[in-house]
$ cat coords-v4.cif   # mmCIF, C-alpha atoms
data_entry
#
loop_
_atom_site.label_atom_id
_atom_site.label_comp_id
_atom_site.auth_asym_id
_atom_site.auth_seq_id
_atom_site.Cartn_x
_atom_site.Cartn_y
_atom_site.Cartn_z
CA MET A 636 18.98 -4.03 10.37
CA VAL A 637 18.41 -4.01 6.66
CA ASP A 638 16.05 -6.87 7.19
CA GLU A 639 13.90 -4.79 9.47
CA GLN A 640 13.55 -2.03 6.92
CA GLU A 641 12.88 -4.47 4.13
CA ARG A 642 9.72 -5.72 5.78
CA LEU A 643 8.26 -2.23 6.07
CA LEU A 644 7.20 0.43 3.63
CA PRO A 645 10.06 2.88 3.13
CA ILE A 646 10.07 5.67 5.68
CA ALA A 647 10.83 8.36 3.12
CA ASN A 648 7.74 7.53 1.11
CA VAL A 649 5.58 7.30 4.21
CA GLY A 650 6.89 10.63 5.43
CA ARG A 651 6.16 12.24 2.11
CA ILE A 652 2.55 11.11 2.16
CA MET A 653 2.15 12.38 5.71
CA LYS A 654 3.50 15.76 4.71
CA GLN A 655 0.94 15.99 1.92
CA ILE A 656 -1.92 16.09 4.38
CA LEU A 657 -0.33 18.22 7.09
CA PRO A 658 0.00 21.99 7.17
CA PRO A 659 3.35 23.22 5.88
CA SER A 660 4.51 24.29 9.32
CA ALA A 661 3.81 20.92 10.89
CA LYS A 662 6.69 18.76 12.05
CA VAL A 663 6.71 15.01 12.36
CA SER A 664 9.00 13.18 14.74
CA LYS A 665 11.05 10.33 13.35
CA GLU A 666 9.37 7.95 15.75
CA ALA A 667 5.99 9.01 14.49
CA LYS A 668 7.07 8.20 10.95
CA GLN A 669 8.33 4.84 12.13
CA THR A 670 5.04 4.17 13.83
CA MET A 671 3.22 5.11 10.66
CA GLN A 672 5.48 2.78 8.67
CA GLU A 673 4.53 -0.08 10.95
CA CYS A 674 0.84 0.78 10.85
CA ALA A 675 0.70 1.04 7.08
CA THR A 676 2.56 -2.22 6.71
CA GLU A 677 0.19 -3.89 9.11
CA PHE A 678 -2.70 -2.45 7.13
CA ILE A 679 -1.47 -4.22 4.02
CA SER A 680 -1.10 -7.52 5.86
CA PHE A 681 -4.47 -7.18 7.49
CA VAL A 682 -6.36 -6.49 4.28
CA THR A 683 -4.36 -9.02 2.27
CA GLY A 684 -5.14 -11.70 4.83
CA GLU A 685 -8.83 -11.08 4.45
CA ALA A 686 -8.64 -10.99 0.65
CA SER A 687 -6.60 -14.17 0.63
CA ASP A 688 -9.11 -15.98 2.84
CA LYS A 689 -11.82 -15.12 0.40
CA CYS A 690 -9.79 -16.48 -2.50
CA ARG A 691 -9.13 -19.67 -0.64
CA LYS A 692 -12.80 -20.16 0.12
CA GLU A 693 -13.58 -19.65 -3.54
CA ASN A 694 -10.79 -21.94 -4.64
CA ARG A 695 -8.91 -19.22 -6.44
CA LYS A 696 -5.18 -18.98 -6.31
CA THR A 697 -4.64 -15.35 -7.15
CA VAL A 698 -5.49 -12.35 -5.06
CA ASN A 699 -6.58 -9.60 -7.41
CA GLY A 700 -7.67 -5.99 -7.20
CA ASP A 701 -11.32 -6.87 -6.79
CA ASP A 702 -10.54 -9.07 -3.83
CA ILE A 703 -8.71 -6.23 -2.18
CA CYS A 704 -11.62 -3.87 -2.78
CA TRP A 705 -13.93 -6.42 -1.27
CA ALA A 706 -11.69 -6.93 1.73
CA LEU A 707 -11.51 -3.19 2.34
CA GLY A 708 -15.29 -3.06 2.43
CA ALA A 709 -15.56 -6.14 4.62
CA LEU A 710 -13.15 -4.69 7.16
CA GLY A 711 -14.95 -1.38 7.42
CA PHE A 712 -12.87 0.74 5.06
CA ASP A 713 -15.88 1.53 2.93
CA ASN A 714 -14.76 4.92 1.76
CA TYR A 715 -11.43 3.49 0.62
CA ALA A 716 -13.20 0.68 -1.19
CA GLU A 717 -15.34 3.09 -3.17
CA ALA A 718 -12.44 5.25 -4.23
CA ILE A 719 -10.36 2.26 -5.15
CA VAL A 720 -13.02 0.62 -7.26
CA ARG A 721 -12.94 3.79 -9.36
CA TYR A 722 -9.16 3.84 -9.35
CA LEU A 723 -8.98 0.22 -10.41
CA HIS A 724 -11.42 0.85 -13.19
CA LYS A 725 -9.29 3.69 -14.54
CA TYR A 726 -6.19 1.58 -14.24
CA ARG A 727 -7.70 -1.30 -16.15
CA GLU A 728 -8.87 1.03 -18.87
CA ALA A 729 -5.41 2.48 -19.16
CA GLU A 730 -3.98 -1.01 -19.37
CA ARG A 731 -6.38 -1.95 -22.13
CA ASP A 732 -5.45 1.16 -24.06
CA LYS A 733 -1.80 0.39 -23.64
CA ALA A 734 -2.28 -3.18 -24.75
CA THR A 735 -4.01 -2.05 -27.90
CA GLN A 736 -1.27 0.44 -28.63
CA ASN A 737 1.50 -1.98 -27.84
CA LYS A 738 0.23 -4.73 -30.04
CA ALA A 739 2.43 -3.66 -32.88
CA SER A 740 5.48 -2.71 -30.88
CA CYS A 741 7.77 -5.33 -29.50
CA SER A 742 6.71 -5.68 -25.89
CA ARG A 743 7.81 -9.06 -24.61
CA SER A 744 5.00 -10.86 -22.97
CA SER A 745 5.91 -11.03 -19.34
CA GLN A 746 7.41 -14.48 -19.05
CA ASP A 747 9.95 -13.35 -16.54
CA LYS A 748 7.59 -12.98 -13.66
CA ASP A 749 8.49 -14.62 -10.40
CA GLU A 750 6.48 -17.37 -8.85
CA GLY A 751 4.27 -14.98 -7.01
CA ASP A 752 2.85 -13.36 -10.08
CA SER A 753 -0.04 -14.56 -11.97
CA SER A 754 -2.67 -12.93 -14.02
CA GLU A 755 -5.61 -15.15 -14.26
CA ASP A 756 -7.53 -12.08 -15.17
CA LYS A 757 -7.42 -10.42 -18.52
CA SER A 758 -5.38 -7.48 -17.36
CA ASP A 759 -2.01 -8.86 -18.21
CA GLN A 760 1.11 -8.30 -16.23
CA GLN A 761 2.38 -4.87 -17.02
CA PRO A 762 3.95 -5.34 -20.40
CA HIS A 763 5.53 -1.94 -20.35
CA GLN A 764 9.21 -1.67 -20.07
CA GLN A 765 10.95 -0.32 -17.06
CA ILE A 766 9.91 3.25 -16.83
CA ASP A 767 10.15 6.06 -14.36
CA VAL A 768 10.97 5.28 -10.85
CA PRO A 769 8.62 7.70 -9.22
CA THR A 770 9.59 6.72 -5.73
CA PRO A 771 13.20 6.37 -4.85
CA SER A 772 12.56 3.60 -2.39
CA ALA A 773 14.85 5.01 0.19
CA ARG A 774 16.40 1.98 1.76
CA VAL A 775 17.66 3.52 4.90
CA MET B 1395 14.43 -3.81 -20.26
CA ARG B 1396 11.98 -5.04 -17.78
CA GLN B 1397 13.63 -6.20 -14.64
CA ALA B 1398 12.93 -9.80 -13.93
CA GLY B 1399 10.25 -10.30 -11.38
CA SER B 1400 10.05 -6.89 -9.81
CA TYR B 1401 8.74 -3.47 -10.43
CA SER B 1402 10.60 -0.48 -9.21
CA GLY B 1403 7.67 1.66 -10.05
CA ILE B 1404 5.17 1.93 -12.79
CA LEU B 1405 4.00 5.01 -14.49
CA ILE B 1406 0.61 4.41 -15.96
CA SER B 1407 0.16 6.76 -18.88
CA GLY B 1408 -0.74 9.59 -16.49
CA LYS B 1409 -4.22 8.24 -15.93
CA THR B 1410 -3.70 6.75 -12.53
CA GLY B 1411 -0.60 8.77 -11.85
CA PRO B 1412 2.79 7.69 -10.53
CA HIS B 1413 2.74 5.69 -7.35
CA LEU B 1414 3.86 7.03 -4.06
CA LEU B 1415 4.92 3.67 -2.71
CA PRO B 1416 7.24 1.09 -4.23
CA LEU B 1417 5.22 -1.72 -5.72
CA ALA B 1418 7.86 -4.39 -5.20
CA ARG B 1419 7.92 -3.69 -1.48
CA ILE B 1420 4.14 -3.80 -1.27
CA LYS B 1421 4.19 -7.13 -3.00
CA LYS B 1422 6.76 -8.45 -0.57
CA ILE B 1423 4.63 -7.40 2.36
CA MET B 1424 1.55 -8.99 0.85
CA LYS B 1425 3.34 -12.27 0.37
CA LYS B 1426 4.47 -12.30 3.97
CA SER B 1427 0.99 -11.66 5.28
CA GLY B 1428 0.04 -15.29 5.58
CA ASP B 1429 0.62 -18.81 4.43
CA GLY B 1430 -2.31 -18.66 2.11
CA VAL B 1431 -0.97 -15.87 -0.01
CA LYS B 1432 0.77 -17.41 -2.94
CA MET B 1433 -0.19 -15.54 -6.04
CA ILE B 1434 -0.82 -11.89 -6.45
CA SER B 1435 -2.18 -10.24 -9.56
CA GLY B 1436 -0.18 -7.43 -11.09
CA GLU B 1437 -2.74 -4.84 -10.19
CA SER B 1438 -2.85 -5.70 -6.48
CA PRO B 1439 0.22 -3.72 -5.38
CA ILE B 1440 -1.08 -0.82 -7.42
CA VAL B 1441 -4.40 -0.98 -5.62
CA PHE B 1442 -2.61 -1.08 -2.30
CA SER B 1443 -0.41 1.83 -3.21
CA LYS B 1444 -3.57 3.88 -3.39
CA ALA B 1445 -5.20 2.30 -0.35
CA CYS B 1446 -2.10 2.83 1.79
CA GLU B 1447 -1.89 6.41 0.71
CA MET B 1448 -5.46 6.93 1.88
CA PHE B 1449 -4.80 5.08 5.09
CA ILE B 1450 -1.67 7.02 5.93
CA LYS B 1451 -3.41 10.29 5.22
CA GLU B 1452 -6.36 9.43 7.42
CA LEU B 1453 -4.28 8.24 10.33
CA THR B 1454 -2.00 11.24 9.98
CA GLN B 1455 -4.93 13.63 10.02
CA ARG B 1456 -6.39 12.06 13.11
CA SER B 1457 -3.01 12.05 14.80
CA TRP B 1458 -2.51 15.68 13.98
CA MET B 1459 -5.78 16.55 15.68
CA VAL B 1460 -4.36 15.06 18.86
CA THR B 1461 -1.18 17.06 18.37
CA MET B 1462 -3.18 20.26 18.03
CA GLN B 1463 -5.22 19.46 21.10
CA GLY B 1464 -1.93 19.33 22.95
CA LYS B 1465 -1.04 22.70 21.42
CA ARG B 1466 2.04 21.27 19.83
CA ARG B 1467 3.45 21.53 16.33
CA THR B 1468 5.32 18.27 16.25
CA LEU B 1469 3.38 15.12 15.59
CA ASN B 1470 4.84 12.41 17.77
CA LYS B 1471 4.24 8.72 18.08
CA GLU B 1472 1.98 9.05 21.09
CA ASP B 1473 -0.34 11.12 18.96
CA VAL B 1474 -0.50 8.28 16.46
CA ALA B 1475 -1.22 5.83 19.26
CA SER B 1476 -3.99 8.07 20.59
CA ALA B 1477 -5.57 8.33 17.16
CA VAL B 1478 -5.51 4.55 16.82
CA MET B 1479 -7.14 4.09 20.19
CA ALA B 1480 -9.82 6.65 19.41
CA THR B 1481 -10.82 5.05 16.11
CA ASP B 1482 -12.71 1.77 15.98
CA LEU B 1483 -11.64 1.21 12.42
CA PHE B 1484 -8.04 1.05 13.55
CA ASP B 1485 -8.59 -1.58 16.20
CA PHE B 1486 -6.35 -3.94 14.27
CA LEU B 1487 -3.47 -1.65 15.19
CA LEU B 1488 -4.06 -1.64 18.93
CA ASN B 1489 -1.55 -4.38 19.63
CA LEU B 1490 1.00 -2.71 17.44
CA VAL B 1491 0.86 0.69 19.13
CA SER B 1492 0.72 -0.68 22.62
CA GLU B 1493 3.68 -2.93 21.91
CA MET B 1494 5.69 0.02 20.73
CA ASP B 1495 4.79 1.83 23.87
CA THR B 1496 6.05 -0.83 26.22
CA SER B 1497 9.23 -1.40 24.26
CA LYS B 1498 10.30 2.17 24.82
CA SER B 1499 13.97 2.20 25.60
CA SER B 1500 14.50 4.88 28.20
#
$ encode --input "coords-v4.cif" --output "structure tokens"
Amino acid sequence: MVDEQERLLPIANVGRIMKQILPPSAKVSKEAKQTMQECATEFISFVTGEASDKCRKENRKTVNGDDICWALGALGFDNYAEAIVRYLHKYREAERDKATQNKASCSRSSQDKDEGDSSEDKSDQQPHQQIDVPTPSARV
Amino acid sequence: MRQAGSYSGILISGKTGPHLLPLARIKKIMKKSGDGVKMISGESPIVFSKACEMFIKELTQRSWMVTMQGKRRTLNKEDVASAVMATDLFDFLLNLVSEMDTSKSS
């Protein structure tokens, strides 16, 4: 049972996002949220698969943000791709700023990443310490 | 202290905002998406957090239109299935929604 939930995006988070776009009086059935969970999870797999194929063809080991943007475009999600290119750009800027600020302070370089992490690109693994947990990943 | 090997969530100096979806979970899903996926850059789950948010919102909106057509106020799973079937972009979900339909336990 836990296993099942672990492979999906958390239903609480999904439900919250749905609510953001619906009128306040709208109701969402639990099954609809579950369906959305499945769909969003499948979306990640689908796009990741495409991005990963591209990396393989180009003999690169790491799927990065640019690959995902590309995959979104390739699969027809053009409007997402555009928005995310901008988002990624802002994120990388923010990371650069942080890196410059953190140079003096003792931020351990992220040695403790698991085997899945790699940053072949310049944007290092998030060197910031554990911060806010914005989403209480509701493990139902 | 940074937790070894996982993010619970990352607040990026307000510029990109807090994330609505847990990054560690996204990463897990990415890794399971195929044999080829071995390494994932740190920014990838963050990118997906945004992409998923957009996806969920779009599918929800389309589903809600079906709900309204039926003059209902509760979005149900059939509405989601209808939205998927009506949208070419969501063809990759057709199997998923039709599977859920047939595995109805009633």
$ closest_residue --input "coords-v4.cif" --among "B:Ala1418, B:Arg1456, B:Ser1427, B:Phe1486" --to "chain A" --atoms "only C-alpha atoms"
B:Ser1427
$ atom_distance --input "coords-v4.cif" --atom1 "atom CA of Ile679 of chain A" --atom2 "atom CA of Ile652 of chain A"
16.0 Å
$ atom_distance --input "coords-v4.cif" --atom1 "atom CA of Asn714 of chain A" --atom2 "atom CA of Ala1445 of chain B"
10.1 Å
$ residues_around --input "coords-v4.cif" --residues "Gly1430 of chain B" --least-positions-apart "4" --cutoff "12 Å" --atoms "all atoms listed in the file" --output "mmCIF file with C-alpha atoms, in the coordinates of the input"
data_model
loop_
_atom_site.group_PDB
_atom_site.id
_atom_site.type_symbol
_atom_site.label_atom_id
_atom_site.label_comp_id
_atom_site.auth_asym_id
_atom_site.auth_seq_id
_atom_site.Cartn_x
_atom_site.Cartn_y
_atom_site.Cartn_z
ATOM 1 C CA SER A 680 -1.100 -7.520 5.860
ATOM 2 C CA THR A 683 -4.360 -9.020 2.270
ATOM 3 C CA GLY A 684 -5.140 -11.700 4.830
ATOM 4 C CA GLU A 685 -8.830 -11.080 4.450
ATOM 5 C CA ALA A 686 -8.640 -10.990 0.650
ATOM 6 C CA SER A 687 -6.600 -14.170 0.630
ATOM 7 C CA ASP A 688 -9.110 -15.980 2.840
ATOM 8 C CA LYS A 689 -11.820 -15.120 0.400
ATOM 9 C CA CYS A 690 -9.790 -16.480 -2.500
ATOM 10 C CA ARG A 691 -9.130 -19.670 -0.640
ATOM 11 C CA LYS A 692 -12.800 -20.160 0.120
ATOM 12 C CA ASN A 694 -10.790 -21.940 -4.640
ATOM 13 C CA ARG A 695 -8.910 -19.220 -6.440
ATOM 14 C CA LYS A 696 -5.180 -18.980 -6.310
ATOM 15 C CA THR A 697 -4.640 -15.350 -7.150
ATOM 16 C CA VAL A 698 -5.490 -12.350 -5.060
ATOM 17 C CA GLY A 751 4.270 -14.980 -7.010
ATOM 18 C CA MET B 1424 1.550 -8.990 0.850
ATOM 19 C CA LYS B 1425 3.340 -12.270 0.370
ATOM 20 C CA LYS B 1426 4.470 -12.300 3.970
ATOM 21 C CA ILE B 1434 -0.820 -11.890 -6.450
#
$ atom_distance --input "coords-v4.cif" --atom1 "atom CA of Gly711 of chain A" --atom2 "atom CA of Asp1473 of chain B"
22.4 Å
$ closest_residue --input "coords-v4.cif" --among "A:Asn699, A:Ser664, A:Thr676, A:Ser740" --to "Trp1458 of chain B" --atoms "all atoms listed in the file"
A:Ser664
$ resolve_selection --input "coords-v4.cif" --expression "the PyMOL selection byres ((chain A and resi 644) around 6)" --output "number ranges by chain"
A: 643, 645, 672
$ axis_aligned_box --input "coords-v4.cif" --around "segment 1411-1430 of chain B" --padding-each-side "8 Å" --output "AutoDock Vina command-line options"
--center_x 2.8 --center_y -5.0 --center_z -3.1 --size_x 26.2 --size_y 43.6 --size_z 33.4
$ build_atoms --input "coords-v4.cif" --residues "segment 685-711 of chain A" --atoms "N, CA, C and O atoms" --output "PDB file, in the frame of the given file"
ATOM      1  N   GLU A 685      -7.396 -10.942   4.683  1.00  0.00           N
ATOM      2  CA  GLU A 685      -8.830 -11.080   4.450  1.00  0.00           C
ATOM      3  C   GLU A 685      -9.121 -11.429   2.994  1.00  0.00           C
ATOM      4  O   GLU A 685      -9.944 -12.308   2.695  1.00  0.00           O
ATOM      5  N   ALA A 686      -8.437 -10.739   2.092  1.00  0.00           N
ATOM      6  CA  ALA A 686      -8.640 -10.990   0.650  1.00  0.00           C
ATOM      7  C   ALA A 686      -8.216 -12.422   0.303  1.00  0.00           C
ATOM      8  O   ALA A 686      -8.868 -13.111  -0.486  1.00  0.00           O
ATOM      9  N   SER A 687      -7.127 -12.842   0.907  1.00  0.00           N
ATOM     10  CA  SER A 687      -6.600 -14.170   0.630  1.00  0.00           C
ATOM     11  C   SER A 687      -7.538 -15.261   1.141  1.00  0.00           C
ATOM     12  O   SER A 687      -7.721 -16.303   0.494  1.00  0.00           O
ATOM     13  N   ASP A 688      -8.131 -15.023   2.304  1.00  0.00           N
ATOM     14  CA  ASP A 688      -9.110 -15.980   2.840  1.00  0.00           C
ATOM     15  C   ASP A 688     -10.256 -16.171   1.870  1.00  0.00           C
ATOM     16  O   ASP A 688     -10.717 -17.291   1.630  1.00  0.00           O
ATOM     17  N   LYS A 689     -10.706 -15.062   1.339  1.00  0.00           N
ATOM     18  CA  LYS A 689     -11.820 -15.120   0.400  1.00  0.00           C
ATOM     19  C   LYS A 689     -11.439 -15.956  -0.820  1.00  0.00           C
ATOM     20  O   LYS A 689     -12.195 -16.804  -1.276  1.00  0.00           O
ATOM     21  N   CYS A 690     -10.244 -15.729  -1.314  1.00  0.00           N
ATOM     22  CA  CYS A 690      -9.790 -16.480  -2.500  1.00  0.00           C
ATOM     23  C   CYS A 690      -9.729 -17.963  -2.200  1.00  0.00           C
ATOM     24  O   CYS A 690     -10.136 -18.795  -3.018  1.00  0.00           O
ATOM     25  N   ARG A 691      -9.245 -18.278  -1.008  1.00  0.00           N
ATOM     26  CA  ARG A 691      -9.130 -19.670  -0.640  1.00  0.00           C
ATOM     27  C   ARG A 691     -10.500 -20.323  -0.601  1.00  0.00           C
ATOM     28  O   ARG A 691     -10.699 -21.416  -1.116  1.00  0.00           O
ATOM     29  N   LYS A 692     -11.451 -19.606   0.023  1.00  0.00           N
ATOM     30  CA  LYS A 692     -12.800 -20.160   0.120  1.00  0.00           C
ATOM     31  C   LYS A 692     -13.407 -20.379  -1.257  1.00  0.00           C
ATOM     32  O   LYS A 692     -14.194 -21.296  -1.464  1.00  0.00           O
ATOM     33  N   GLU A 693     -13.011 -19.525  -2.193  1.00  0.00           N
ATOM     34  CA  GLU A 693     -13.580 -19.650  -3.540  1.00  0.00           C
ATOM     35  C   GLU A 693     -12.673 -20.447  -4.460  1.00  0.00           C
ATOM     36  O   GLU A 693     -12.835 -20.424  -5.694  1.00  0.00           O
ATOM     37  N   ASN A 694     -11.705 -21.105  -3.872  1.00  0.00           N
ATOM     38  CA  ASN A 694     -10.790 -21.940  -4.640  1.00  0.00           C
ATOM     39  C   ASN A 694     -10.069 -21.198  -5.759  1.00  0.00           C
ATOM     40  O   ASN A 694      -9.859 -21.733  -6.849  1.00  0.00           O
ATOM     41  N   ARG A 695      -9.696 -19.975  -5.474  1.00  0.00           N
ATOM     42  CA  ARG A 695      -8.910 -19.220  -6.440  1.00  0.00           C
ATOM     43  C   ARG A 695      -7.521 -19.010  -5.889  1.00  0.00           C
ATOM     44  O   ARG A 695      -7.340 -18.824  -4.694  1.00  0.00           O
ATOM     45  N   LYS A 696      -6.560 -19.045  -6.782  1.00  0.00           N
ATOM     46  CA  LYS A 696      -5.180 -18.980  -6.310  1.00  0.00           C
ATOM     47  C   LYS A 696      -4.636 -17.559  -6.255  1.00  0.00           C
ATOM     48  O   LYS A 696      -3.690 -17.281  -5.545  1.00  0.00           O
ATOM     49  N   THR A 697      -5.237 -16.678  -7.013  1.00  0.00           N
ATOM     50  CA  THR A 697      -4.640 -15.350  -7.150  1.00  0.00           C
ATOM     51  C   THR A 697      -5.479 -14.273  -6.499  1.00  0.00           C
ATOM     52  O   THR A 697      -6.665 -14.132  -6.779  1.00  0.00           O
ATOM     53  N   VAL A 698      -4.840 -13.515  -5.649  1.00  0.00           N
ATOM     54  CA  VAL A 698      -5.490 -12.350  -5.060  1.00  0.00           C
ATOM     55  C   VAL A 698      -5.434 -11.216  -6.086  1.00  0.00           C
ATOM     56  O   VAL A 698      -4.360 -10.858  -6.562  1.00  0.00           O
ATOM     57  N   ASN A 699      -6.581 -10.692  -6.425  1.00  0.00           N
ATOM     58  CA  ASN A 699      -6.580  -9.600  -7.410  1.00  0.00           C
ATOM     59  C   ASN A 699      -7.173  -8.321  -6.828  1.00  0.00           C
ATOM     60  O   ASN A 699      -7.561  -8.276  -5.658  1.00  0.00           O
ATOM     61  N   GLY A 700      -7.214  -7.306  -7.649  1.00  0.00           N
ATOM     62  CA  GLY A 700      -7.670  -5.990  -7.200  1.00  0.00           C
ATOM     63  C   GLY A 700      -9.079  -6.008  -6.644  1.00  0.00           C
ATOM     64  O   GLY A 700      -9.385  -5.337  -5.651  1.00  0.00           O
ATOM     65  N   ASP A 701      -9.939  -6.796  -7.271  1.00  0.00           N
ATOM     66  CA  ASP A 701     -11.320  -6.870  -6.790  1.00  0.00           C
ATOM     67  C   ASP A 701     -11.388  -7.471  -5.392  1.00  0.00           C
ATOM     68  O   ASP A 701     -12.196  -7.052  -4.556  1.00  0.00           O
ATOM     69  N   ASP A 702     -10.554  -8.450  -5.152  1.00  0.00           N
ATOM     70  CA  ASP A 702     -10.540  -9.070  -3.830  1.00  0.00           C
ATOM     71  C   ASP A 702     -10.122  -8.062  -2.776  1.00  0.00           C
ATOM     72  O   ASP A 702     -10.656  -8.049  -1.652  1.00  0.00           O
ATOM     73  N   ILE A 703      -9.171  -7.238  -3.126  1.00  0.00           N
ATOM     74  CA  ILE A 703      -8.710  -6.230  -2.180  1.00  0.00           C
ATOM     75  C   ILE A 703      -9.804  -5.205  -1.915  1.00  0.00           C
ATOM     76  O   ILE A 703     -10.039  -4.813  -0.768  1.00  0.00           O
ATOM     77  N   CYS A 704     -10.490  -4.799  -2.957  1.00  0.00           N
ATOM     78  CA  CYS A 704     -11.620  -3.870  -2.780  1.00  0.00           C
ATOM     79  C   CYS A 704     -12.665  -4.493  -1.869  1.00  0.00           C
ATOM     80  O   CYS A 704     -13.183  -3.839  -0.957  1.00  0.00           O
ATOM     81  N   TRP A 705     -12.956  -5.729  -2.112  1.00  0.00           N
ATOM     82  CA  TRP A 705     -13.930  -6.420  -1.270  1.00  0.00           C
ATOM     83  C   TRP A 705     -13.481  -6.443   0.176  1.00  0.00           C
ATOM     84  O   TRP A 705     -14.251  -6.149   1.099  1.00  0.00           O
ATOM     85  N   ALA A 706     -12.228  -6.815   0.380  1.00  0.00           N
ATOM     86  CA  ALA A 706     -11.690  -6.930   1.730  1.00  0.00           C
ATOM     87  C   ALA A 706     -11.746  -5.582   2.448  1.00  0.00           C
ATOM     88  O   ALA A 706     -12.079  -5.514   3.643  1.00  0.00           O
ATOM     89  N   LEU A 707     -11.434  -4.528   1.741  1.00  0.00           N
ATOM     90  CA  LEU A 707     -11.510  -3.190   2.340  1.00  0.00           C
ATOM     91  C   LEU A 707     -12.925  -2.927   2.847  1.00  0.00           C
ATOM     92  O   LEU A 707     -13.118  -2.455   3.962  1.00  0.00           O
ATOM     93  N   GLY A 708     -13.897  -3.250   2.022  1.00  0.00           N
ATOM     94  CA  GLY A 708     -15.290  -3.060   2.430  1.00  0.00           C
ATOM     95  C   GLY A 708     -15.638  -3.939   3.619  1.00  0.00           C
ATOM     96  O   GLY A 708     -16.256  -3.480   4.581  1.00  0.00           O
ATOM     97  N   ALA A 709     -15.218  -5.182   3.559  1.00  0.00           N
ATOM     98  CA  ALA A 709     -15.560  -6.140   4.620  1.00  0.00           C
ATOM     99  C   ALA A 709     -14.963  -5.729   5.958  1.00  0.00           C
ATOM    100  O   ALA A 709     -15.520  -6.037   7.018  1.00  0.00           O
ATOM    101  N   LEU A 710     -13.831  -5.049   5.917  1.00  0.00           N
ATOM    102  CA  LEU A 710     -13.150  -4.690   7.160  1.00  0.00           C
ATOM    103  C   LEU A 710     -13.531  -3.291   7.655  1.00  0.00           C
ATOM    104  O   LEU A 710     -12.992  -2.814   8.646  1.00  0.00           O
ATOM    105  N   GLY A 711     -14.444  -2.669   6.956  1.00  0.00           N
ATOM    106  CA  GLY A 711     -14.950  -1.380   7.420  1.00  0.00           C
ATOM    107  C   GLY A 711     -14.373  -0.171   6.708  1.00  0.00           C
ATOM    108  O   GLY A 711     -14.749   0.955   6.998  1.00  0.00           O
TER     109      GLY A 711
END
